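Asker: My structure is stored as structure14.pdb, with PDB, C-alpha atoms and all ligand atoms.
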MODEL        1
ATOM      1  CA  MET B  30      63.591  72.510 129.886
ATOM      2  CA  THR B  31      62.293  69.039 129.004
ATOM      3  CA  ARG B  32      63.946  67.641 125.931
ATOM      4  CA  ILE B  33      61.587  67.062 123.039
ATOM      5  CA  VAL B  34      62.395  63.981 120.971
ATOM      6  CA  TYR B  35      60.972  62.537 117.773
ATOM      7  CA  ILE B  36      59.498  59.054 117.560
ATOM      8  CA  ASN B  37      57.651  57.579 114.585
ATOM      9  CA  GLY B  38      55.955  60.761 113.454
ATOM     10  CA  ASP B  39      55.510  62.515 116.808
ATOM     11  CA  PHE B  40      57.435  65.170 118.721
ATOM     12  CA  VAL B  41      57.047  64.310 122.415
ATOM     13  CA  PRO B  42      58.779  64.963 125.765
ATOM     14  CA  GLU B  43      61.592  62.406 126.172
ATOM     15  CA  SER B  44      59.795  60.639 129.066
ATOM     16  CA  ASP B  45      56.828  59.912 126.768
ATOM     17  CA  ALA B  46      58.890  58.256 124.008
ATOM     18  CA  LYS B  47      58.433  54.472 124.241
ATOM     19  CA  VAL B  48      59.828  51.625 122.119
ATOM     20  CA  SER B  49      58.725  47.972 122.334
ATOM     21  CA  ILE B  50      60.987  45.475 124.114
ATOM     22  CA  PHE B  51      60.575  43.386 120.909
ATOM     23  CA  ASP B  52      62.071  46.108 118.757
ATOM     24  CA  ARG B  53      64.800  44.547 116.578
ATOM     25  CA  GLY B  54      67.125  47.428 117.374
ATOM     26  CA  PHE B  55      66.960  46.365 121.039
ATOM     27  CA  LEU B  56      67.059  42.580 120.472
ATOM     28  CA  PHE B  57      69.441  42.258 117.502
ATOM     29  CA  SER B  58      71.126  45.666 117.031
ATOM     30  CA  ASP B  59      69.180  45.594 113.763
ATOM     31  CA  ALA B  60      69.359  49.360 113.363
ATOM     32  CA  VAL B  61      71.441  52.111 111.806
ATOM     33  CA  TYR B  62      72.214  55.617 113.001
ATOM     34  CA  GLU B  63      73.730  58.954 112.130
ATOM     35  CA  VAL B  64      75.066  61.848 114.169
ATOM     36  CA  THR B  65      75.093  65.321 112.648
ATOM     37  CA  ALA B  66      76.815  68.209 114.401
ATOM     38  CA  VAL B  67      74.848  71.388 115.094
ATOM     39  CA  LEU B  68      76.528  74.789 115.103
ATOM     40  CA  ASN B  69      74.723  78.105 115.486
ATOM     41  CA  GLY B  70      71.477  76.133 115.502
ATOM     42  CA  LYS B  71      72.211  74.705 112.034
ATOM     43  CA  LEU B  72      73.077  71.244 110.763
ATOM     44  CA  LEU B  73      76.648  70.743 109.578
ATOM     45  CA  GLU B  74      77.528  68.481 106.615
ATOM     46  CA  ASN B  75      74.069  66.951 106.824
ATOM     47  CA  ALA B  76      73.842  66.002 103.149
ATOM     48  CA  GLY B  77      76.810  63.666 103.643
ATOM     49  CA  HIS B  78      75.292  62.123 106.768
ATOM     50  CA  LEU B  79      71.928  61.534 105.088
ATOM     51  CA  ALA B  80      73.610  60.029 102.015
ATOM     52  CA  ARG B  81      75.523  57.657 104.300
ATOM     53  CA  LEU B  82      72.273  56.764 106.084
ATOM     54  CA  ALA B  83      70.784  55.846 102.708
ATOM     55  CA  HIS B  84      73.850  53.656 102.047
ATOM     56  CA  SER B  85      73.526  51.916 105.433
ATOM     57  CA  CYS B  86      69.803  51.287 104.805
ATOM     58  CA  ALA B  87      70.395  49.978 101.285
ATOM     59  CA  GLU B  88      73.112  47.569 102.455
ATOM     60  CA  LEU B  89      70.781  46.151 105.137
ATOM     61  CA  LYS B  90      67.558  46.305 103.066
ATOM     62  CA  LEU B  91      66.175  48.572 105.757
ATOM     63  CA  HIS B  92      63.262  50.678 104.557
ATOM     64  CA  LEU B  93      63.454  54.410 105.264
ATOM     65  CA  PRO B  94      59.885  55.445 106.140
ATOM     66  CA  VAL B  95      60.373  59.092 105.110
ATOM     67  CA  THR B  96      62.377  60.893 102.436
ATOM     68  CA  LEU B  97      65.811  62.342 103.207
ATOM     69  CA  ALA B  98      64.300  65.807 102.715
ATOM     70  CA  ARG B  99      61.642  65.060 105.358
ATOM     71  CA  LEU B 100      64.341  63.724 107.697
ATOM     72  CA  GLU B 101      66.143  67.037 107.456
ATOM     73  CA  GLU B 102      62.919  68.887 108.279
ATOM     74  CA  ILE B 103      62.495  66.686 111.370
ATOM     75  CA  GLN B 104      66.095  67.369 112.404
ATOM     76  CA  GLN B 105      65.551  71.107 111.990
ATOM     77  CA  GLU B 106      62.288  71.058 113.910
ATOM     78  CA  LEU B 107      63.969  69.212 116.794
ATOM     79  CA  ILE B 108      66.756  71.803 116.879
ATOM     80  CA  ALA B 109      64.159  74.585 116.989
ATOM     81  CA  ARG B 110      61.942  72.922 119.608
ATOM     82  CA  ASN B 111      64.948  72.306 121.877
ATOM     83  CA  GLN B 112      66.553  75.661 121.118
ATOM     84  CA  LEU B 113      69.814  73.866 120.407
ATOM     85  CA  ARG B 114      72.685  76.150 119.397
ATOM     86  CA  GLU B 115      75.655  73.735 119.572
ATOM     87  CA  GLY B 116      75.784  69.958 119.817
ATOM     88  CA  ALA B 117      74.380  67.147 117.724
ATOM     89  CA  VAL B 118      71.256  65.507 116.390
ATOM     90  CA  TYR B 119      71.176  61.723 116.776
ATOM     91  CA  LEU B 120      69.023  59.708 114.367
ATOM     92  CA  GLN B 121      68.290  55.993 114.603
ATOM     93  CA  LEU B 122      66.256  53.707 112.411
ATOM     94  CA  SER B 123      65.532  50.105 113.395
ATOM     95  CA  ARG B 124      63.684  47.327 111.585
ATOM     96  CA  GLY B 125      60.801  47.656 114.068
ATOM     97  CA  SER B 126      58.952  44.956 115.953
ATOM     98  CA  THR B 127      56.667  42.021 115.158
ATOM     99  CA  GLY B 128      55.813  41.608 118.845
ATOM    100  CA  ASP B 129      58.125  38.618 119.353
ATOM    101  CA  ARG B 130      61.761  37.558 118.947
ATOM    102  CA  GLU B 131      62.318  36.048 115.500
ATOM    103  CA  PHE B 132      65.557  36.130 113.505
ATOM    104  CA  ASP B 133      63.795  36.367 110.134
ATOM    105  CA  PHE B 134      63.109  39.846 108.844
ATOM    106  CA  PRO B 135      59.541  40.990 109.595
ATOM    107  CA  PRO B 136      56.952  40.697 106.817
ATOM    108  CA  ALA B 137      56.300  43.726 104.628
ATOM    109  CA  GLY B 138      54.120  46.236 106.392
ATOM    110  CA  VAL B 139      55.880  46.114 109.765
ATOM    111  CA  ALA B 140      56.856  49.718 110.385
ATOM    112  CA  PRO B 141      60.474  50.565 111.175
ATOM    113  CA  THR B 142      61.193  52.565 114.336
ATOM    114  CA  LEU B 143      62.556  56.039 113.700
ATOM    115  CA  VAL B 144      63.817  58.080 116.639
ATOM    116  CA  LEU B 145      65.748  61.330 116.766
ATOM    117  CA  PHE B 146      66.986  63.428 119.653
ATOM    118  CA  THR B 147      69.254  66.385 120.255
ATOM    119  CA  GLN B 148      72.356  66.515 122.451
ATOM    120  CA  ALA B 149      73.758  69.822 123.681
ATOM    121  CA  ARG B 150      77.553  69.769 123.842
ATOM    122  CA  ALA B 151      80.582  71.932 123.150
ATOM    123  CA  VAL B 152      81.899  71.361 119.658
ATOM    124  CA  ILE B 153      84.020  74.415 118.853
ATOM    125  CA  THR B 154      85.599  75.110 122.220
ATOM    126  CA  HIS B 155      86.758  71.897 123.826
ATOM    127  CA  ALA B 156      89.758  71.240 126.081
ATOM    128  CA  LYS B 157      90.636  68.076 124.130
ATOM    129  CA  ALA B 158      90.761  70.022 120.889
ATOM    130  CA  VAL B 159      93.403  72.253 122.478
ATOM    131  CA  ASN B 160      95.357  69.799 124.634
ATOM    132  CA  GLY B 161      94.914  66.633 122.604
ATOM    133  CA  ILE B 162      94.142  63.091 123.706
ATOM    134  CA  LYS B 163      96.114  59.983 124.600
ATOM    135  CA  VAL B 164      95.192  56.746 122.865
ATOM    136  CA  ILE B 165      96.145  53.128 123.272
ATOM    137  CA  THR B 166      96.105  50.483 120.538
ATOM    138  CA  LEU B 167      93.729  47.521 120.771
ATOM    139  CA  PRO B 168      92.775  44.652 118.457
ATOM    140  CA  ASP B 169      89.871  45.568 116.186
ATOM    141  CA  ILE B 170      87.256  42.972 117.165
ATOM    142  CA  ARG B 171      84.349  44.532 115.231
ATOM    143  CA  TRP B 172      82.412  42.857 112.401
ATOM    144  CA  ARG B 173      83.558  43.119 108.767
ATOM    145  CA  ARG B 174      81.060  45.718 107.480
ATOM    146  CA  ARG B 175      82.309  48.822 109.238
ATOM    147  CA  ASP B 176      81.154  50.939 106.287
ATOM    148  CA  ILE B 177      77.584  50.410 107.551
ATOM    149  CA  LYS B 178      76.802  52.639 110.524
ATOM    150  CA  VAL B 179      75.043  50.067 112.718
ATOM    151  CA  VAL B 180      74.147  50.588 116.372
ATOM    152  CA  GLY B 181      75.998  47.422 117.479
ATOM    153  CA  LEU B 182      78.656  49.450 119.288
ATOM    154  CA  LEU B 183      79.695  47.126 122.093
ATOM    155  CA  ALA B 184      83.264  46.759 120.747
ATOM    156  CA  PRO B 185      83.844  50.556 120.736
ATOM    157  CA  CYS B 186      82.274  50.802 124.223
ATOM    158  CA  LEU B 187      84.692  48.130 125.484
ATOM    159  CA  ALA B 188      87.613  49.856 123.766
ATOM    160  CA  LYS B 189      86.807  53.231 125.333
ATOM    161  CA  GLU B 190      86.199  51.679 128.730
ATOM    162  CA  TYR B 191      89.535  49.824 128.615
ATOM    163  CA  ALA B 192      91.347  52.950 127.375
ATOM    164  CA  HIS B 193      89.954  54.916 130.324
ATOM    165  CA  SER B 194      91.020  52.184 132.758
ATOM    166  CA  GLN B 195      94.565  52.603 131.408
ATOM    167  CA  GLY B 196      94.555  56.368 131.861
ATOM    168  CA  ALA B 197      94.030  57.024 128.137
ATOM    169  CA  ASP B 198      91.167  58.836 126.399
ATOM    170  CA  ASP B 199      90.490  56.519 123.493
ATOM    171  CA  ALA B 200      91.773  53.680 121.347
ATOM    172  CA  PHE B 201      93.186  53.157 117.873
ATOM    173  CA  LEU B 202      91.915  49.803 116.610
ATOM    174  CA  VAL B 203      94.409  47.500 114.911
ATOM    175  CA  GLU B 204      94.029  44.665 112.414
ATOM    176  CA  ASP B 205      96.977  42.768 110.894
ATOM    177  CA  GLY B 206      99.352  45.322 112.399
ATOM    178  CA  LEU B 207      97.591  48.220 110.659
ATOM    179  CA  VAL B 208      95.417  50.859 112.285
ATOM    180  CA  THR B 209      91.851  50.704 110.967
ATOM    181  CA  GLU B 210      90.357  53.721 112.769
ATOM    182  CA  GLY B 211      89.546  55.016 116.238
ATOM    183  CA  SER B 212      86.752  53.578 118.376
ATOM    184  CA  ALA B 213      84.306  56.207 117.051
ATOM    185  CA  CYS B 214      86.441  58.309 114.710
ATOM    186  CA  ASN B 215      88.843  58.112 111.781
ATOM    187  CA  ALA B 216      92.576  57.952 112.545
ATOM    188  CA  TRP B 217      95.262  60.081 110.920
ATOM    189  CA  ILE B 218      99.007  60.628 111.117
ATOM    190  CA  VAL B 219     101.360  63.253 109.700
ATOM    191  CA  THR B 220     104.599  61.649 108.554
ATOM    192  CA  ALA B 221     108.115  63.012 109.108
ATOM    193  CA  GLN B 222     107.848  64.312 105.508
ATOM    194  CA  GLY B 223     104.718  66.279 106.422
ATOM    195  CA  THR B 224     102.253  64.065 104.527
ATOM    196  CA  LEU B 225      98.790  63.451 105.975
ATOM    197  CA  VAL B 226      97.954  59.752 105.972
ATOM    198  CA  THR B 227      94.627  58.069 106.632
ATOM    199  CA  ARG B 228      93.341  54.632 105.733
ATOM    200  CA  PRO B 229      91.667  54.314 102.295
ATOM    201  CA  LEU B 230      87.930  53.693 101.997
ATOM    202  CA  SER B 231      86.838  50.048 102.180
ATOM    203  CA  ASN B 232      84.557  47.922 104.349
ATOM    204  CA  ASP B 233      87.290  48.063 107.029
ATOM    205  CA  ILE B 234      86.331  51.567 108.179
ATOM    206  CA  LEU B 235      83.396  53.922 108.427
ATOM    207  CA  HIS B 236      83.497  56.388 105.543
ATOM    208  CA  GLY B 237      83.741  59.468 107.726
ATOM    209  CA  ILE B 238      82.007  62.592 106.499
ATOM    210  CA  THR B 239      84.567  64.724 108.349
ATOM    211  CA  ARG B 240      87.381  62.599 106.862
ATOM    212  CA  ARG B 241      86.131  63.364 103.348
ATOM    213  CA  SER B 242      85.900  67.105 104.044
ATOM    214  CA  LEU B 243      89.381  67.154 105.541
ATOM    215  CA  LEU B 244      90.824  65.491 102.433
ATOM    216  CA  GLU B 245      89.093  68.126 100.290
ATOM    217  CA  LEU B 246      90.468  70.901 102.504
ATOM    218  CA  ALA B 247      93.969  69.386 102.393
ATOM    219  CA  SER B 248      93.753  69.313  98.634
ATOM    220  CA  ARG B 249      92.549  72.919  98.457
ATOM    221  CA  HIS B 250      95.269  74.140 100.834
ATOM    222  CA  ALA B 251      98.066  72.168  99.145
ATOM    223  CA  ILE B 252      98.689  69.965 102.184
ATOM    224  CA  PRO B 253     100.104  66.688 100.804
ATOM    225  CA  PHE B 254      98.081  63.605 101.694
ATOM    226  CA  GLU B 255      97.911  59.901 100.991
ATOM    227  CA  GLU B 256      95.069  57.441 101.591
ATOM    228  CA  LEU B 257      97.137  54.548 102.860
ATOM    229  CA  ALA B 258      96.892  52.124 105.772
ATOM    230  CA  PHE B 259      99.578  52.822 108.385
ATOM    231  CA  SER B 260     101.087  50.490 110.963
ATOM    232  CA  VAL B 261     101.263  50.975 114.716
ATOM    233  CA  GLU B 262     105.045  51.519 114.360
ATOM    234  CA  GLU B 263     104.459  54.206 111.726
ATOM    235  CA  ALA B 264     102.003  55.869 114.100
ATOM    236  CA  TYR B 265     104.587  55.824 116.928
ATOM    237  CA  ALA B 266     107.141  57.418 114.572
ATOM    238  CA  ALA B 267     104.724  60.010 113.151
ATOM    239  CA  ARG B 268     105.380  63.695 113.596
ATOM    240  CA  GLU B 269     101.715  64.253 114.470
ATOM    241  CA  ALA B 270      98.529  62.229 114.855
ATOM    242  CA  PHE B 271      94.863  63.133 115.200
ATOM    243  CA  ILE B 272      91.314  61.842 115.024
ATOM    244  CA  SER B 273      88.310  63.169 113.117
ATOM    245  CA  SER B 274      84.558  62.847 113.572
ATOM    246  CA  ALA B 275      81.384  64.899 113.229
ATOM    247  CA  THR B 276      81.277  66.063 116.838
ATOM    248  CA  THR B 277      85.014  66.387 117.566
ATOM    249  CA  PHE B 278      86.003  67.770 114.137
ATOM    250  CA  ILE B 279      89.712  67.164 114.858
ATOM    251  CA  TRP B 280      91.321  66.279 118.158
ATOM    252  CA  PRO B 281      95.120  65.984 118.273
ATOM    253  CA  VAL B 282      96.592  62.695 119.506
ATOM    254  CA  VAL B 283      99.608  63.471 121.675
ATOM    255  CA  ALA B 284     100.517  59.950 122.850
ATOM    256  CA  ILE B 285      99.976  56.402 121.596
ATOM    257  CA  ASP B 286     100.535  53.490 124.000
ATOM    258  CA  GLY B 287     102.336  55.867 126.359
ATOM    259  CA  LYS B 288     104.792  57.041 123.664
ATOM    260  CA  ALA B 289     104.773  60.772 122.910
ATOM    261  CA  ILE B 290     103.904  61.685 119.320
ATOM    262  CA  GLY B 291     106.286  64.354 118.047
ATOM    263  CA  ASP B 292     107.121  66.522 121.042
ATOM    264  CA  GLY B 293     104.013  65.323 122.893
ATOM    265  CA  SER B 294     101.904  68.376 122.124
ATOM    266  CA  PRO B 295      99.405  69.083 119.305
ATOM    267  CA  GLY B 296     101.320  69.554 116.046
ATOM    268  CA  PRO B 297     101.170  72.498 113.616
ATOM    269  CA  VAL B 298      99.534  70.619 110.708
ATOM    270  CA  THR B 299      96.819  69.269 113.026
ATOM    271  CA  ARG B 300      96.177  72.708 114.507
ATOM    272  CA  ALA B 301      96.105  74.380 111.089
ATOM    273  CA  LEU B 302      93.711  71.803 109.680
ATOM    274  CA  ARG B 303      91.373  72.181 112.661
ATOM    275  CA  GLU B 304      91.420  75.966 112.270
ATOM    276  CA  ILE B 305      90.579  75.688 108.567
ATOM    277  CA  TYR B 306      87.797  73.190 109.273
ATOM    278  CA  VAL B 307      86.317  75.298 112.091
ATOM    279  CA  ALA B 308      86.392  78.430 109.909
ATOM    280  CA  GLN B 309      84.591  76.589 107.113
ATOM    281  CA  ALA B 310      82.036  75.117 109.566
ATOM    282  CA  LEU B 311      81.309  78.532 111.073
ATOM    283  CA  MET B 312      80.888  80.036 107.615
ATOM    284  CA  ALA B 313      78.555  77.197 106.535
ATOM    285  CA  THR B 314      76.338  77.709 109.614
ATOM    286  CA  ALA B 315      76.501  81.532 109.910
TER     287      ALA B 315
HETATM  288  N1  LIG U 401      84.706  55.857 112.381
HETATM  289  C1  LIG U 401      83.826  55.402 113.286
HETATM  290  C2  LIG U 401      83.928  53.991 113.757
HETATM  291  C3  LIG U 401      82.833  56.249 113.805
HETATM  292  O1  LIG U 401      81.959  55.787 114.724
HETATM  293  C4  LIG U 401      82.791  57.594 113.359
HETATM  294  C5  LIG U 401      81.774  58.525 113.859
HETATM  295  O2  LIG U 401      80.922  58.192 114.638
HETATM  296  C6  LIG U 401      83.734  58.024 112.420
HETATM  297  C7  LIG U 401      84.674  57.121 111.944
HETATM  298  C8  LIG U 401      83.746  59.441 111.910
HETATM  299  O3  LIG U 401      82.717  59.657 110.995
HETATM  300  P1  LIG U 401      82.067  61.093 110.814
HETATM  301  O4  LIG U 401      83.202  62.015 110.481
HETATM  302  O5  LIG U 401      81.132  60.935 109.692
HETATM  303  O6  LIG U 401      81.418  61.436 112.112
ENDMDL
END
In structure tokens, how does this file's structure come out?
Answerer:
Amino acid sequence: MTRIVYINGDFVPESDAKVSIFDRGFLFSDAVYEVTAVLNGKLLENAGHLARLAHSCAELKLHLPVTLARLEEIQQELIARNQLREGAVYLQLSRGSTGDREFDFPPAGVAPTLVLFTQARAVITHAKAVNGIKVITLPDIRWRRRDIKVVGLLAPCLAKEYAHSQGADDAFLVEDGLVTEGSACNAWIVTAQGTLVTRPLSNDILHGITRRSLLELASRHAIPFEELAFSVEEAYAAREAFISSATTFIWPVVAIDGKAIGDGSPGPVTRALREIYVAQALMATA
């Protein structure tokens, strides 16, 4: 089945979707994006993702050409047209093209480029969710506005590539000795006292939609938590560690820099939290 994608008002086969070589997303990474998980053919936590898109656009003075309600209709139509049951919808908005390369923002009237496409992938049943992942720590070389979900993702690509070359699955990024987040996820530990710890919201990290839901679930299920930056040493000494994101939900971290976390297998708090999150996600998309 040919994938149907959305581009600037049209639903077309993916091979027919064309963007100018002068598009500012291509030339300057002048574009924002969102990824919403799809379960049972339905969008998960989409209100949070669309609200964050609005934040990214506002911070960059990037004009959204359609309302958030219309965006959700487009997402739903793409899911239907591609008969997607489980996976994700990717959405990207760039500042468009003036037909040349100029640093200055285009004059009013230049249309932004809006593209969306679906990706089929396993979200609920995934080997890494069961077995966990190994991460290495790397310096966080990204720009200072990580709260804006921009498509300039070369640093995370390099981090993942280097992690793979070292036999690891992913990287925890580190600044001033403290973990900021994962290459494309939020980072968490469970201390020896059983407290969940994740970095507080600031421009240093992306404000994860899954992160927020997990904190709400922790609160509801009386799991103690603290929003506090943790060091690499604290991560090594943690009883458990895990990552969160829209398409992984929670994946346990079983080793950091080759050192086993806890007994080197996914911990009970991590597993319980994933189970609670999955149950809630299945209920929300039933
Ligand atoms: N942090 C970064 C750098 C990310 O790229 C992502 C997701 O892509 C996240 C955190 C997790 O955010 P969310 O839970 O909204 O997917």
Asker: Taking a cut-off of 9 Å and counting all atoms listed in the file, can you build a table that, for each residue of chain B near ligand LIG 401 (chain U), reports the nearest atom pair and how far apart they are in Å (one decimal), sorted by chain then residue number, as a Markdown table?
Answerer:
| residue | atom | partner | partner_atom | distance |
| --- | --- | --- | --- | --- |
| B:Glu63 | CA | U:LIG401 | O2 | 7.7 |
| B:Val64 | CA | U:LIG401 | O6 | 6.7 |
| B:Thr65 | CA | U:LIG401 | O6 | 7.4 |
| B:Ala66 | CA | U:LIG401 | O6 | 8.5 |
| B:Glu74 | CA | U:LIG401 | O5 | 8.9 |
| B:Gly77 | CA | U:LIG401 | O5 | 7.9 |
| B:His78 | CA | U:LIG401 | O5 | 6.6 |
| B:Arg81 | CA | U:LIG401 | O5 | 8.4 |
| B:Arg175 | CA | U:LIG401 | C2 | 7.1 |
| B:Asp176 | CA | U:LIG401 | C2 | 8.5 |
| B:Lys178 | CA | U:LIG401 | O1 | 7.4 |
| B:Leu182 | CA | U:LIG401 | O1 | 8.5 |
| B:Pro185 | CA | U:LIG401 | C2 | 7.8 |
| B:Thr209 | CA | U:LIG401 | N1 | 8.9 |
| B:Glu210 | CA | U:LIG401 | N1 | 6.1 |
| B:Gly211 | CA | U:LIG401 | C2 | 6.2 |
| B:Ser212 | CA | U:LIG401 | C2 | 5.4 |
| B:Ala213 | CA | U:LIG401 | O1 | 3.3 |
| B:Cys214 | CA | U:LIG401 | C7 | 3.5 |
| B:Asn215 | CA | U:LIG401 | C7 | 4.3 |
| B:Ala216 | CA | U:LIG401 | C7 | 8.0 |
| B:Ile234 | CA | U:LIG401 | N1 | 6.2 |
| B:Leu235 | CA | U:LIG401 | N1 | 4.6 |
| B:His236 | CA | U:LIG401 | O3 | 6.4 |
| B:Gly237 | CA | U:LIG401 | O3 | 3.4 |
| B:Ile238 | CA | U:LIG401 | O5 | 3.7 |
| B:Thr239 | CA | U:LIG401 | O4 | 3.7 |
| B:Arg240 | CA | U:LIG401 | O4 | 5.6 |
| B:Arg241 | CA | U:LIG401 | O4 | 7.8 |
| B:Ser242 | CA | U:LIG401 | O4 | 8.6 |
| B:Ile272 | CA | U:LIG401 | C8 | 8.5 |
| B:Ser273 | CA | U:LIG401 | O4 | 5.9 |
| B:Ser274 | CA | U:LIG401 | O4 | 3.5 |
| B:Ala275 | CA | U:LIG401 | O6 | 3.6 |
| B:Thr276 | CA | U:LIG401 | O6 | 6.6 |
| B:Thr277 | CA | U:LIG401 | O6 | 8.2 |
| B:Phe278 | CA | U:LIG401 | O4 | 7.4 |
Asker: Neighbouring residues of region 123-135 of chain B were defined as those with any atom within 9 Å, considering only C-alpha atoms; residues of the same chain fewer than 4 positions away were excluded. Please report them as a list in words.
Answerer: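 That gives Ser49, Ile50, Phe51, Asp52, Arg53, Gly54, Phe55, Leu56, Phe57, Ser58, Asp59, Ala60, Val61, Tyr62, Leu91, His92, Val139, Ala140, Pro141, Thr142, Leu143 and Val144 of chain B.
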Asker: Translate the PyMOL selection byres (((chain B and resi 161-171) around 9) and not hetatm) into a concrete residue list for this structure, as a ChimeraX atom specification.
Answerer: /B:156-160,172-175,182-185,188,192,195-206,208-212,261,271,280-287,289,294-295
Asker: So what do you get for CA of Glu101 (chain B) versus CA of Cys86 (chain B), distance-wise?
Answerer: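 These two atoms are separated by 16.4 Å.
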Asker: Rank B:Ser194, B:Tyr35, B:Lys71, B:Ser85 by their smallest atom-to-atom distance to Asn232 (chain B), using only C-alpha atoms, and report the top residue only.
Answerer: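 Looking only at the distances to Asn232 (chain B), the closest residue turns out to be B:Ser85.
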Asker: What is the distance between CA of Asn75 (chain B) and CA of Leu100 (chain B), in Å to one decimal?
Answerer: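 Computing the Euclidean distance for CA of Asn75 (chain B) and CA of Leu100 (chain B) yields 10.3 Å.
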Asker: Run through the PyMOL selection byres (((chain B and resi 223) around 9) and not hetatm) on the given coordinates and return the selected residues as a VMD selection string.
Answerer: chain B and resid 219 to 222 224 to 225 252 to 254 268 to 269 298
Asker: Take the PyMOL selection byres (((chain B and resi 108) around 10) and not hetatm), apply it to the structure above, and return the hits as a list in words.
Answerer: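 Matching residues under the PyMOL selection byres (((chain B and resi 108) around 10) and not hetatm) are Ile33, Val34, Val67, Gly70, Lys71, Leu72, Glu102, Ile103, Gln104, Gln105, Glu106, Leu107, Ala109, Arg110, Asn111, Gln112, Leu113, Arg114, Glu115, Gly116, Ala117, Val118, Phe146, Thr147, Gln148 and Ala149 of chain B.
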Asker: Quick one, how far is CA of Arg249 (chain B) from CA of Thr299 (chain B)?
Answerer: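 We find that CA of Arg249 (chain B) and CA of Thr299 (chain B) lie 15.6 Å from each other.
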Asker: Adding 6 Å on each side of the box along x, y and z that holds all listed atoms of region 99-117 of chain B, could you give its centre and edge lengths in Å to one decimal, as AutoDock Vina command-line options?
Answerer:
--center_x 68.7 --center_y 69.9 --center_z 113.6 --size_x 26.1 --size_y 24.4 --size_z 28.5
Asker: Using only C-alpha atoms, which of the listed residues (B:Glu190, B:Glu263, B:Asp233, B:Glu245) sits closest to Trp217 (chain B)?
Answerer: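 The closest residue to Trp217 (chain B) is B:Glu263.
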Asker: Skip Thr227 (chain B) itself and residues of its chain fewer than 6 positions away, then list as a count of residues only all residues within 7 Å of it, counting only C-alpha atoms.
Answerer: 7
Asker: Looking at B:Val48, B:Ala270, B:Leu68, B:Val180, which one is nearest to Met312 (chain B), with distances taken over only C-alpha atoms?
Answerer: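 That would be B:Leu68, the residue with the smallest distance to Met312 (chain B).
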Asker: When distances are computed from all atoms listed in the file, which of B:Leu73, B:Leu120, B:Leu93, B:Ala98 shows the smallest separation from Tyr306 (chain B)?
Answerer: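 Closest to Tyr306 (chain B), using all atoms listed in the file: B:Leu73.
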Asker: Got a minute to add N, CA, C and O atoms to region 285-294 of chain B and dump it as a short mmCIF file (atom, residue, chain, number, x, y, z; two decimals), in the coordinates of the input?
Answerer:
data_model
loop_
_atom_site.label_atom_id
_atom_site.label_comp_id
_atom_site.auth_asym_id
_atom_site.auth_seq_id
_atom_site.Cartn_x
_atom_site.Cartn_y
_atom_site.Cartn_z
N ILE B 285 100.56 57.70 121.97
CA ILE B 285 99.98 56.40 121.60
C ILE B 285 100.70 55.33 122.40
O ILE B 285 101.95 55.26 122.36
N ASP B 286 99.95 54.54 123.14
CA ASP B 286 100.54 53.49 124.00
C ASP B 286 101.62 54.06 124.92
O ASP B 286 102.67 53.43 125.13
N GLY B 287 101.39 55.26 125.42
CA GLY B 287 102.34 55.87 126.36
C GLY B 287 103.54 56.51 125.70
O GLY B 287 104.39 57.09 126.39
N LYS B 288 103.65 56.43 124.35
CA LYS B 288 104.79 57.04 123.66
C LYS B 288 104.35 58.41 123.11
O LYS B 288 103.32 58.48 122.42
N ALA B 289 105.12 59.43 123.39
CA ALA B 289 104.77 60.77 122.91
C ALA B 289 104.84 60.80 121.39
O ALA B 289 105.74 60.22 120.78
N ILE B 290 103.88 61.48 120.77
CA ILE B 290 103.90 61.68 119.32
C ILE B 290 104.51 63.07 119.08
O ILE B 290 104.04 64.06 119.65
N GLY B 291 105.55 63.09 118.23
CA GLY B 291 106.29 64.35 118.05
C GLY B 291 106.84 64.79 119.39
O GLY B 291 107.42 63.99 120.12
N ASP B 292 106.60 66.05 119.74
CA ASP B 292 107.12 66.52 121.04
C ASP B 292 106.08 66.35 122.15
O ASP B 292 106.21 66.91 123.24
N GLY B 293 105.01 65.61 121.85
CA GLY B 293 104.01 65.32 122.89
C GLY B 293 102.97 66.42 123.04
O GLY B 293 102.17 66.39 123.99
N SER B 294 102.97 67.36 122.10
CA SER B 294 101.90 68.38 122.12
C SER B 294 101.28 68.46 120.73
O SER B 294 101.88 67.99 119.75
#
